[in-house]
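Reproduced below: input.pdb, with PDB, C-alpha atoms, pLDDT in the B column.
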```pdb
ATOM      1  CA  MET A1099     -49.787 -26.752-136.546  1.00 54.00           C
ATOM      2  CA  GLU A1100     -50.568 -30.397-137.270  1.00 63.00           C
ATOM      3  CA  LYS A1101     -53.180 -30.755-140.000  1.00 81.00           C
ATOM      4  CA  LYS A1102     -55.137 -33.718-138.692  1.00 90.00           C
ATOM      5  CA  VAL A1103     -58.732 -34.795-139.212  1.00 96.00           C
ATOM      6  CA  LYS A1104     -60.978 -36.884-136.995  1.00 97.00           C
ATOM      7  CA  VAL A1105     -62.970 -39.577-138.829  1.00 98.00           C
ATOM      8  CA  TYR A1106     -66.432 -40.790-137.803  1.00 98.00           C
ATOM      9  CA  VAL A1107     -68.375 -43.667-139.356  1.00 98.00           C
ATOM     10  CA  LEU A1108     -72.145 -43.615-138.912  1.00 97.00           C
ATOM     11  CA  THR A1109     -73.565 -47.087-138.546  1.00 95.00           C
ATOM     12  CA  THR A1110     -76.684 -49.101-137.834  1.00 89.00           C
ATOM     13  CA  ARG A1111     -74.280 -51.765-136.557  1.00 86.00           C
ATOM     14  CA  ASN A1112     -75.153 -54.080-139.426  1.00 90.00           C
ATOM     15  CA  GLU A1113     -72.367 -56.632-138.990  1.00 91.00           C
ATOM     16  CA  GLU A1114     -71.538 -57.001-142.675  1.00 92.00           C
ATOM     17  CA  ARG A1115     -71.374 -53.238-143.230  1.00 92.00           C
ATOM     18  CA  VAL A1116     -69.183 -52.774-140.170  1.00 93.00           C
ATOM     19  CA  GLN A1117     -66.732 -55.433-141.329  1.00 94.00           C
ATOM     20  CA  HIS A1118     -66.607 -53.947-144.833  1.00 93.00           C
ATOM     21  CA  LEU A1119     -65.840 -50.432-143.556  1.00 94.00           C
ATOM     22  CA  GLU A1120     -63.273 -51.741-141.090  1.00 95.00           C
ATOM     23  CA  SER A1121     -61.464 -53.491-143.946  1.00 95.00           C
ATOM     24  CA  LEU A1122     -61.552 -50.380-146.135  1.00 94.00           C
ATOM     25  CA  LEU A1123     -60.376 -48.067-143.363  1.00 96.00           C
ATOM     26  CA  ASN A1124     -57.862 -50.438-141.786  1.00 92.00           C
ATOM     27  CA  ASP A1125     -55.086 -47.823-141.980  1.00 90.00           C
ATOM     28  CA  ILE A1126     -57.283 -44.977-140.713  1.00 95.00           C
ATOM     29  CA  GLU A1127     -58.146 -44.296-137.090  1.00 95.00           C
ATOM     30  CA  PHE A1128     -61.885 -43.702-136.754  1.00 97.00           C
ATOM     31  CA  GLU A1129     -64.831 -43.904-134.375  1.00 97.00           C
ATOM     32  CA  PHE A1130     -68.243 -45.438-134.926  1.00 97.00           C
ATOM     33  CA  ILE A1131     -71.403 -43.510-134.093  1.00 97.00           C
ATOM     34  CA  ASP A1132     -74.320 -45.896-133.673  1.00 96.00           C
ATOM     35  CA  SER A1133     -77.876 -45.237-134.719  1.00 94.00           C
ATOM     36  CA  LEU A1134     -80.484 -44.753-132.006  1.00 94.00           C
ATOM     37  CA  GLY A1135     -82.713 -47.627-130.976  1.00 93.00           C
ATOM     38  CA  VAL A1136     -86.258 -48.089-132.263  1.00 91.00           C
ATOM     39  CA  ASP A1137     -87.924 -46.669-129.133  1.00 94.00           C
ATOM     40  CA  GLU A1138     -85.848 -43.484-129.323  1.00 95.00           C
ATOM     41  CA  LEU A1139     -86.586 -43.138-133.040  1.00 94.00           C
ATOM     42  CA  LYS A1140     -90.308 -43.497-132.368  1.00 93.00           C
ATOM     43  CA  GLU A1141     -90.025 -40.587-129.957  1.00 96.00           C
ATOM     44  CA  LEU A1142     -88.515 -38.487-132.765  1.00 96.00           C
ATOM     45  CA  GLU A1143     -91.271 -39.665-135.094  1.00 94.00           C
ATOM     46  CA  ASP A1144     -93.934 -38.586-132.599  1.00 94.00           C
ATOM     47  CA  LYS A1145     -92.209 -35.226-132.176  1.00 95.00           C
ATOM     48  CA  PHE A1146     -91.491 -34.282-135.798  1.00 96.00           C
ATOM     49  CA  SER A1147     -93.615 -36.401-138.142  1.00 92.00           C
ATOM     50  CA  LYS A1148     -96.555 -33.985-138.300  1.00 92.00           C
ATOM     51  CA  ASP A1149     -94.225 -31.005-138.771  1.00 95.00           C
ATOM     52  CA  SER A1150     -92.500 -32.751-141.680  1.00 96.00           C
ATOM     53  CA  LEU A1151     -95.854 -32.902-143.522  1.00 95.00           C
ATOM     54  CA  ARG A1152     -95.768 -29.108-143.674  1.00 95.00           C
ATOM     55  CA  PHE A1153     -92.606 -29.389-145.797  1.00 96.00           C
ATOM     56  CA  ARG A1154     -93.189 -32.536-147.860  1.00 95.00           C
ATOM     57  CA  LYS A1155     -96.026 -34.729-149.062  1.00 92.00           C
ATOM     58  CA  LYS A1156     -94.890 -37.843-147.176  1.00 91.00           C
ATOM     59  CA  ALA A1157     -94.004 -37.883-143.506  1.00 93.00           C
ATOM     60  CA  LEU A1158     -90.447 -38.784-142.554  1.00 94.00           C
ATOM     61  CA  MET A1159     -89.951 -42.457-141.765  1.00 91.00           C
ATOM     62  CA  LEU A1160     -88.240 -44.090-138.811  1.00 91.00           C
ATOM     63  CA  GLY A1161     -85.121 -44.800-140.859  1.00 92.00           C
ATOM     64  CA  GLU A1162     -84.911 -41.183-141.991  1.00 95.00           C
ATOM     65  CA  PHE A1163     -85.128 -40.026-138.397  1.00 96.00           C
ATOM     66  CA  GLY A1164     -82.391 -42.553-137.678  1.00 95.00           C
ATOM     67  CA  ALA A1165     -80.138 -41.097-140.366  1.00 96.00           C
ATOM     68  CA  PHE A1166     -80.818 -37.517-139.264  1.00 98.00           C
ATOM     69  CA  SER A1167     -80.207 -38.235-135.592  1.00 97.00           C
ATOM     70  CA  THR A1168     -76.943 -40.087-136.301  1.00 98.00           C
ATOM     71  CA  HIS A1169     -75.578 -37.222-138.401  1.00 98.00           C
ATOM     72  CA  SER A1170     -76.640 -34.685-135.777  1.00 98.00           C
ATOM     73  CA  ARG A1171     -74.948 -36.694-133.046  1.00 98.00           C
ATOM     74  CA  ALA A1172     -71.776 -36.612-135.141  1.00 98.00           C
ATOM     75  CA  TRP A1173     -72.112 -32.815-135.364  1.00 98.00           C
ATOM     76  CA  GLU A1174     -72.442 -32.659-131.576  1.00 98.00           C
ATOM     77  CA  ARG A1175     -69.183 -34.538-131.123  1.00 98.00           C
ATOM     78  CA  ILE A1176     -67.426 -32.390-133.697  1.00 98.00           C
ATOM     79  CA  SER A1177     -68.715 -29.167-132.159  1.00 98.00           C
ATOM     80  CA  LYS A1178     -67.546 -30.211-128.694  1.00 97.00           C
ATOM     81  CA  SER A1179     -64.192 -31.615-129.814  1.00 97.00           C
ATOM     82  CA  LYS A1180     -63.402 -28.576-131.984  1.00 97.00           C
ATOM     83  CA  GLU A1181     -61.655 -30.920-134.424  1.00 97.00           C
ATOM     84  CA  ILE A1182     -61.759 -30.779-138.224  1.00 98.00           C
ATOM     85  CA  SER A1183     -63.651 -33.965-139.088  1.00 98.00           C
ATOM     86  CA  ILE A1184     -64.831 -36.327-141.789  1.00 98.00           C
ATOM     87  CA  VAL A1185     -68.164 -38.156-141.575  1.00 98.00           C
ATOM     88  CA  ILE A1186     -68.714 -41.394-143.515  1.00 98.00           C
ATOM     89  CA  GLU A1187     -71.929 -43.420-143.814  1.00 97.00           C
ATOM     90  CA  ASP A1188     -71.597 -47.186-143.482  1.00 95.00           C
ATOM     91  CA  SER A1189     -73.112 -47.677-146.956  1.00 93.00           C
ATOM     92  CA  ALA A1190     -70.021 -46.098-148.520  1.00 96.00           C
ATOM     93  CA  ASP A1191     -67.473 -47.609-150.829  1.00 96.00           C
ATOM     94  CA  PHE A1192     -64.446 -45.892-152.355  1.00 96.00           C
ATOM     95  CA  VAL A1193     -63.219 -45.518-155.937  1.00 95.00           C
ATOM     96  CA  GLU A1194     -59.770 -44.512-154.658  1.00 94.00           C
ATOM     97  CA  ASP A1195     -57.662 -45.285-151.614  1.00 95.00           C
ATOM     98  CA  PRO A1196     -59.572 -43.699-148.692  1.00 96.00           C
ATOM     99  CA  SER A1197     -56.265 -42.702-147.066  1.00 95.00           C
ATOM    100  CA  ILE A1198     -56.451 -39.635-149.330  1.00 96.00           C
ATOM    101  CA  LEU A1199     -58.940 -38.331-146.750  1.00 96.00           C
ATOM    102  CA  LEU A1200     -55.977 -37.781-144.424  1.00 96.00           C
ATOM    103  CA  SER A1201     -54.130 -35.624-146.964  1.00 96.00           C
ATOM    104  CA  GLU A1202     -53.276 -31.971-146.504  1.00 95.00           C
ATOM    105  CA  ASP A1203     -55.320 -31.102-149.603  1.00 96.00           C
ATOM    106  CA  VAL A1204     -58.471 -32.581-148.037  1.00 97.00           C
ATOM    107  CA  TYR A1205     -57.777 -30.838-144.735  1.00 98.00           C
ATOM    108  CA  ASN A1206     -57.388 -27.482-146.502  1.00 97.00           C
ATOM    109  CA  GLN A1207     -60.584 -27.975-148.496  1.00 98.00           C
ATOM    110  CA  ILE A1208     -62.556 -28.645-145.310  1.00 98.00           C
ATOM    111  CA  VAL A1209     -61.122 -25.595-143.551  1.00 98.00           C
ATOM    112  CA  SER A1210     -61.757 -23.269-146.491  1.00 98.00           C
ATOM    113  CA  SER A1211     -65.310 -24.487-147.201  1.00 98.00           C
ATOM    114  CA  GLY A1212     -66.723 -25.403-143.782  1.00 98.00           C
ATOM    115  CA  LEU A1213     -68.720 -28.263-145.292  1.00 98.00           C
ATOM    116  CA  ILE A1214     -67.583 -30.239-148.333  1.00 98.00           C
ATOM    117  CA  SER A1215     -68.687 -33.550-149.812  1.00 98.00           C
ATOM    118  CA  PHE A1216     -66.108 -36.063-150.984  1.00 98.00           C
ATOM    119  CA  THR A1217     -68.837 -38.134-152.635  1.00 97.00           C
ATOM    120  CA  ASN A1218     -68.226 -38.958-156.287  1.00 95.00           C
ATOM    121  CA  TYR A1219     -70.958 -37.050-158.124  1.00 91.00           C
ATOM    122  CA  GLU A1220     -69.752 -37.249-161.733  1.00 86.00           C
ATOM    123  CA  LYS A1221     -72.543 -39.604-162.838  1.00 84.00           C
ATOM    124  CA  GLU A1222     -75.256 -37.285-161.522  1.00 86.00           C
ATOM    125  CA  LEU A1223     -73.604 -34.204-163.054  1.00 85.00           C
ATOM    126  CA  GLY A1224     -72.656 -35.839-166.322  1.00 84.00           C
ATOM    127  CA  LYS A1225     -69.248 -34.205-166.046  1.00 82.00           C
ATOM    128  CA  SER A1226     -66.205 -33.935-163.829  1.00 84.00           C
ATOM    129  CA  ILE A1227     -65.132 -30.907-161.803  1.00 91.00           C
ATOM    130  CA  ASN A1228     -61.564 -29.698-161.310  1.00 92.00           C
ATOM    131  CA  LYS A1229     -62.021 -27.635-158.157  1.00 95.00           C
ATOM    132  CA  PRO A1230     -64.438 -27.432-155.212  1.00 97.00           C
ATOM    133  CA  VAL A1231     -67.751 -25.826-156.170  1.00 96.00           C
ATOM    134  CA  LEU A1232     -70.795 -24.702-154.217  1.00 96.00           C
ATOM    135  CA  PHE A1233     -73.245 -27.565-154.486  1.00 95.00           C
ATOM    136  CA  ASN A1234     -76.334 -25.396-154.926  1.00 92.00           C
ATOM    137  CA  GLU A1235     -74.660 -23.495-157.778  1.00 91.00           C
ATOM    138  CA  LEU A1236     -74.667 -26.718-159.801  1.00 89.00           C
ATOM    139  CA  LYS A1237     -78.467 -26.333-160.153  1.00 79.00           C
ATOM    140  CA  ALA A1238     -78.810 -30.110-159.857  1.00 74.00           C
ATOM    141  CA  ASN A1239     -81.960 -29.797-157.699  1.00 81.00           C
ATOM    142  CA  LYS A1240     -80.658 -32.674-155.597  1.00 90.00           C
ATOM    143  CA  ALA A1241     -80.062 -33.292-151.915  1.00 95.00           C
ATOM    144  CA  PHE A1242     -76.567 -32.598-150.612  1.00 97.00           C
ATOM    145  CA  PRO A1243     -74.449 -35.779-150.973  1.00 96.00           C
ATOM    146  CA  ILE A1244     -73.610 -36.987-147.461  1.00 97.00           C
ATOM    147  CA  ARG A1245     -72.030 -40.378-148.160  1.00 96.00           C
ATOM    148  CA  CYS A1246     -68.700 -38.857-147.097  1.00 98.00           C
ATOM    149  CA  TYR A1247     -68.100 -35.231-146.142  1.00 98.00           C
ATOM    150  CA  GLY A1248     -65.713 -32.994-144.271  1.00 98.00           C
ATOM    151  CA  ILE A1249     -66.912 -30.467-141.732  1.00 98.00           C
ATOM    152  CA  THR A1250     -65.477 -27.880-139.365  1.00 98.00           C
ATOM    153  CA  PRO A1251     -66.594 -27.498-135.723  1.00 98.00           C
ATOM    154  CA  GLU A1252     -68.001 -24.053-136.530  1.00 98.00           C
ATOM    155  CA  THR A1253     -70.179 -25.459-139.314  1.00 98.00           C
ATOM    156  CA  ALA A1254     -71.286 -28.343-137.091  1.00 98.00           C
ATOM    157  CA  ASN A1255     -72.371 -25.811-134.490  1.00 98.00           C
ATOM    158  CA  THR A1256     -74.288 -23.806-137.114  1.00 98.00           C
ATOM    159  CA  LEU A1257     -76.136 -26.934-138.251  1.00 98.00           C
ATOM    160  CA  LEU A1258     -77.050 -27.826-134.676  1.00 98.00           C
ATOM    161  CA  ASN A1259     -78.308 -24.324-133.899  1.00 98.00           C
ATOM    162  CA  ASN A1260     -80.512 -24.292-136.997  1.00 98.00           C
ATOM    163  CA  LEU A1261     -81.750 -27.816-136.326  1.00 98.00           C
ATOM    164  CA  ARG A1262     -82.983 -26.673-132.912  1.00 98.00           C
ATOM    165  CA  VAL A1263     -85.081 -24.056-134.718  1.00 97.00           C
ATOM    166  CA  SER A1264     -86.464 -26.084-137.625  1.00 97.00           C
ATOM    167  CA  GLY A1265     -86.591 -29.604-136.235  1.00 97.00           C
ATOM    168  CA  MET A1266     -86.258 -32.698-138.425  1.00 98.00           C
ATOM    169  CA  VAL A1267     -88.675 -31.675-141.142  1.00 97.00           C
ATOM    170  CA  GLN A1268     -86.801 -33.029-144.168  1.00 97.00           C
ATOM    171  CA  PRO A1269     -84.419 -35.957-144.701  1.00 97.00           C
ATOM    172  CA  VAL A1270     -80.993 -34.869-143.471  1.00 98.00           C
ATOM    173  CA  ASP A1271     -79.409 -34.603-146.946  1.00 98.00           C
ATOM    174  CA  LYS A1272     -82.294 -32.479-148.251  1.00 97.00           C
ATOM    175  CA  TRP A1273     -82.343 -30.368-145.083  1.00 98.00           C
ATOM    176  CA  ILE A1274     -78.648 -29.537-145.449  1.00 98.00           C
ATOM    177  CA  SER A1275     -79.179 -28.481-149.072  1.00 97.00           C
ATOM    178  CA  ILE A1276     -81.850 -25.919-148.089  1.00 97.00           C
ATOM    179  CA  TYR A1277     -79.827 -22.915-146.918  1.00 97.00           C
ATOM    180  CA  LYS A1278     -82.758 -21.226-145.181  1.00 97.00           C
ATOM    181  CA  LEU A1279     -83.178 -24.327-142.996  1.00 98.00           C
ATOM    182  CA  SER A1280     -79.581 -25.406-142.341  1.00 98.00           C
ATOM    183  CA  GLY A1281     -77.857 -22.021-142.568  1.00 98.00           C
ATOM    184  CA  VAL A1282     -74.997 -23.660-144.464  1.00 98.00           C
ATOM    185  CA  SER A1283     -73.904 -23.747-148.099  1.00 97.00           C
ATOM    186  CA  GLY A1284     -72.022 -26.970-148.743  1.00 98.00           C
ATOM    187  CA  PHE A1285     -69.366 -27.572-151.380  1.00 98.00           C
ATOM    188  CA  LEU A1286     -68.701 -30.523-153.684  1.00 97.00           C
ATOM    189  CA  SER A1287     -65.042 -31.505-153.863  1.00 97.00           C
ATOM    190  CA  ASP A1288     -63.081 -32.404-156.974  1.00 96.00           C
ATOM    191  CA  LEU A1289     -61.712 -35.231-154.804  1.00 96.00           C
ATOM    192  CA  GLY A1290     -64.871 -37.332-155.089  1.00 95.00           C
ATOM    193  CA  ILE A1291     -63.782 -40.740-153.869  1.00 96.00           C
ATOM    194  CA  ALA A1292     -66.833 -42.114-152.035  1.00 97.00           C
ATOM    195  CA  VAL A1293     -69.725 -43.884-153.755  1.00 95.00           C
ATOM    196  CA  ARG A1294     -72.721 -45.901-152.686  1.00 93.00           C
ATOM    197  CA  ARG A1295     -71.698 -49.505-152.282  1.00 92.00           C
ATOM    198  CA  ASN A1296     -73.302 -51.838-154.835  1.00 87.00           C
ATOM    199  CA  GLY A1297     -76.075 -54.010-153.479  1.00 75.00           C
ATOM    200  CA  VAL A1298     -76.549 -52.028-150.279  1.00 72.00           C
ATOM    201  CA  GLN A1299     -80.216 -51.346-149.547  1.00 65.00           C
ATOM    202  CA  SER A1300     -81.171 -48.019-148.040  1.00 57.00           C
ATOM    203  CA  ILE A1301     -82.245 -48.677-144.464  1.00 51.00           C
ATOM    204  CA  ALA A1302     -83.907 -45.256-144.360  1.00 51.00           C
ATOM    205  CA  ASN A1303     -86.233 -46.072-147.245  1.00 50.00           C
ATOM    206  CA  VAL A1304     -87.486 -49.576-146.574  1.00 51.00           C
ATOM    207  CA  LYS A1305     -91.051 -48.276-146.651  1.00 54.00           C
ATOM    208  CA  ARG A1306     -92.664 -44.975-147.532  1.00 59.00           C
ATOM    209  CA  GLY A1307     -94.075 -42.553-145.015  1.00 65.00           C
ATOM    210  CA  LYS A1308     -97.753 -41.713-144.824  1.00 71.00           C
ATOM    211  CA  THR A1309     -99.039 -39.232-147.401  1.00 75.00           C
ATOM    212  CA  SER A1310    -101.044 -36.239-146.235  1.00 73.00           C
ATOM    213  CA  PHE A1311    -103.692 -34.542-148.353  1.00 76.00           C
ATOM    214  CA  ASN A1312    -104.833 -32.328-145.507  1.00 86.00           C
ATOM    215  CA  PRO A1313    -105.657 -28.927-147.097  1.00 89.00           C
ATOM    216  CA  LEU A1314    -103.860 -27.103-144.286  1.00 93.00           C
ATOM    217  CA  ASN A1315    -100.693 -29.103-144.865  1.00 93.00           C
ATOM    218  CA  LEU A1316    -100.935 -28.426-148.599  1.00 92.00           C
ATOM    219  CA  LEU A1317    -101.101 -24.714-147.850  1.00 94.00           C
ATOM    220  CA  TYR A1318     -98.149 -24.908-145.465  1.00 93.00           C
ATOM    221  CA  ARG A1319     -96.100 -26.777-148.075  1.00 95.00           C
ATOM    222  CA  ARG A1320     -96.733 -24.113-150.675  1.00 96.00           C
ATOM    223  CA  ILE A1321     -95.823 -21.361-148.232  1.00 97.00           C
ATOM    224  CA  ASN A1322     -92.689 -23.160-147.043  1.00 96.00           C
ATOM    225  CA  LYS A1323     -91.471 -23.856-150.581  1.00 95.00           C
ATOM    226  CA  ILE A1324     -91.526 -20.113-151.189  1.00 96.00           C
ATOM    227  CA  LYS A1325     -90.230 -19.144-147.767  1.00 96.00           C
ATOM    228  CA  TYR A1326     -87.340 -21.621-147.708  1.00 95.00           C
ATOM    229  CA  LYS A1327     -86.707 -21.721-151.472  1.00 92.00           C
ATOM    230  CA  TYR A1328     -86.587 -25.450-152.151  1.00 92.00           C
TER
END
```
Target format structure tokens, applied to this file:
Amino acid sequence: MEKKVKVYVLTTRNEERVQHLESLLNDIEFEFIDSLGVDELKELEDKFSKDSLRFRKKALMLGEFGAFSTHSRAWERISKSKEISIVIEDSADFVEDPSILLSEDVYNQIVSSGLISFTNYEKELGKSINKPVLFNELKANKAFPIRCYGITPETANTLLNNLRVSGMVQPVDKWISIYKLSGVSGFLSDLGIAVRRNGVQSIANVKRGKTSFNPLNLLYRRINKIKYKY
């Protein structure tokens, strides 16, 4: 059986970012997945913003809904295609030749883990790792690194099913890291080649969401922290 991965790049269609990724991945066949438009994101904001305040102090912002929806649309494609896949954000850069993502070792890591990040996380950990490890076992209390990750169709389907239940109540990277929301335990690979590109501003965090001090929301947040263990 041919061990082949499908590569998706998530983009806001910022021209400079697109050109940079195209130059980095010039030897790799990939597809872009565009972010939703502002009107569609406002619909998501209207639908989920109040619910997100039951999980966090600040409501999710338009850009965070944009990031979540783009990742979830990638999962939909992966689930339907039934192809082992790699998802890359357009803010990514690489510390090694990205063609390593097409290697048999990477393919095998994705298959054996279901969800595995190829983001370089040594700076955050303060150490290197020599084999894939469960991200939550690192006790880093951080969101799952989604700059570049591999995922199986089965895991994509699990994420989609759990998203239908919970809704977009946390930023996508934090949501994935909470097992009782996403239903998935992601791994961190020893092949950490993707990093955040220097000088790239986070589109999702241009401004902060509204803070809620509603006593009912405070109560919900306390209950949900215990219930979902985050």
Nearby residues (all atoms listed in the file) at most 8 Å from Ser1287 in chain A, same-chain spacing under 5 positions excluded, as a list in words: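 Near Ser1287 in chain A, the qualifying residues are Gln1207, Ile1214, Ser1215, Phe1216, Thr1217, Ile1227, Lys1229, Pro1230 and Val1231 of chain A.
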Residues matched by the PyMOL selection byres ((chain A and resi 1252-1259) around 8), written as JSON, numbers by chain: {"A": [1170, 1173, 1174, 1176, 1177, 1180, 1212, 1213, 1249, 1250, 1251, 1260, 1261, 1262, 1263, 1280, 1281, 1282]}
Selection: 9 Å around Ile1184 in chain A, only C-alpha atoms, excl. self and same-chain fewer than 6 positions, as a ChimeraX atom specification: /A:1103-1107,1199,1208,1246-1250
Six-sided padding of 5 Å per side, axis-aligned box over range 1127-1132 of chain A, centre and edges in Å, one decimal, as AutoDock Vina command-line options:
```
--center_x -66.2 --center_y -44.7 --center_z -135.4 --size_x 26.2 --size_y 12.4 --size_z 13.4
```
Top pick for closest residue to Ile1274 in chain A, considering A:Tyr1318, A:Phe1166, A:Asp1188, A:Tyr1205 and counting only C-alpha atoms: A:Phe1166
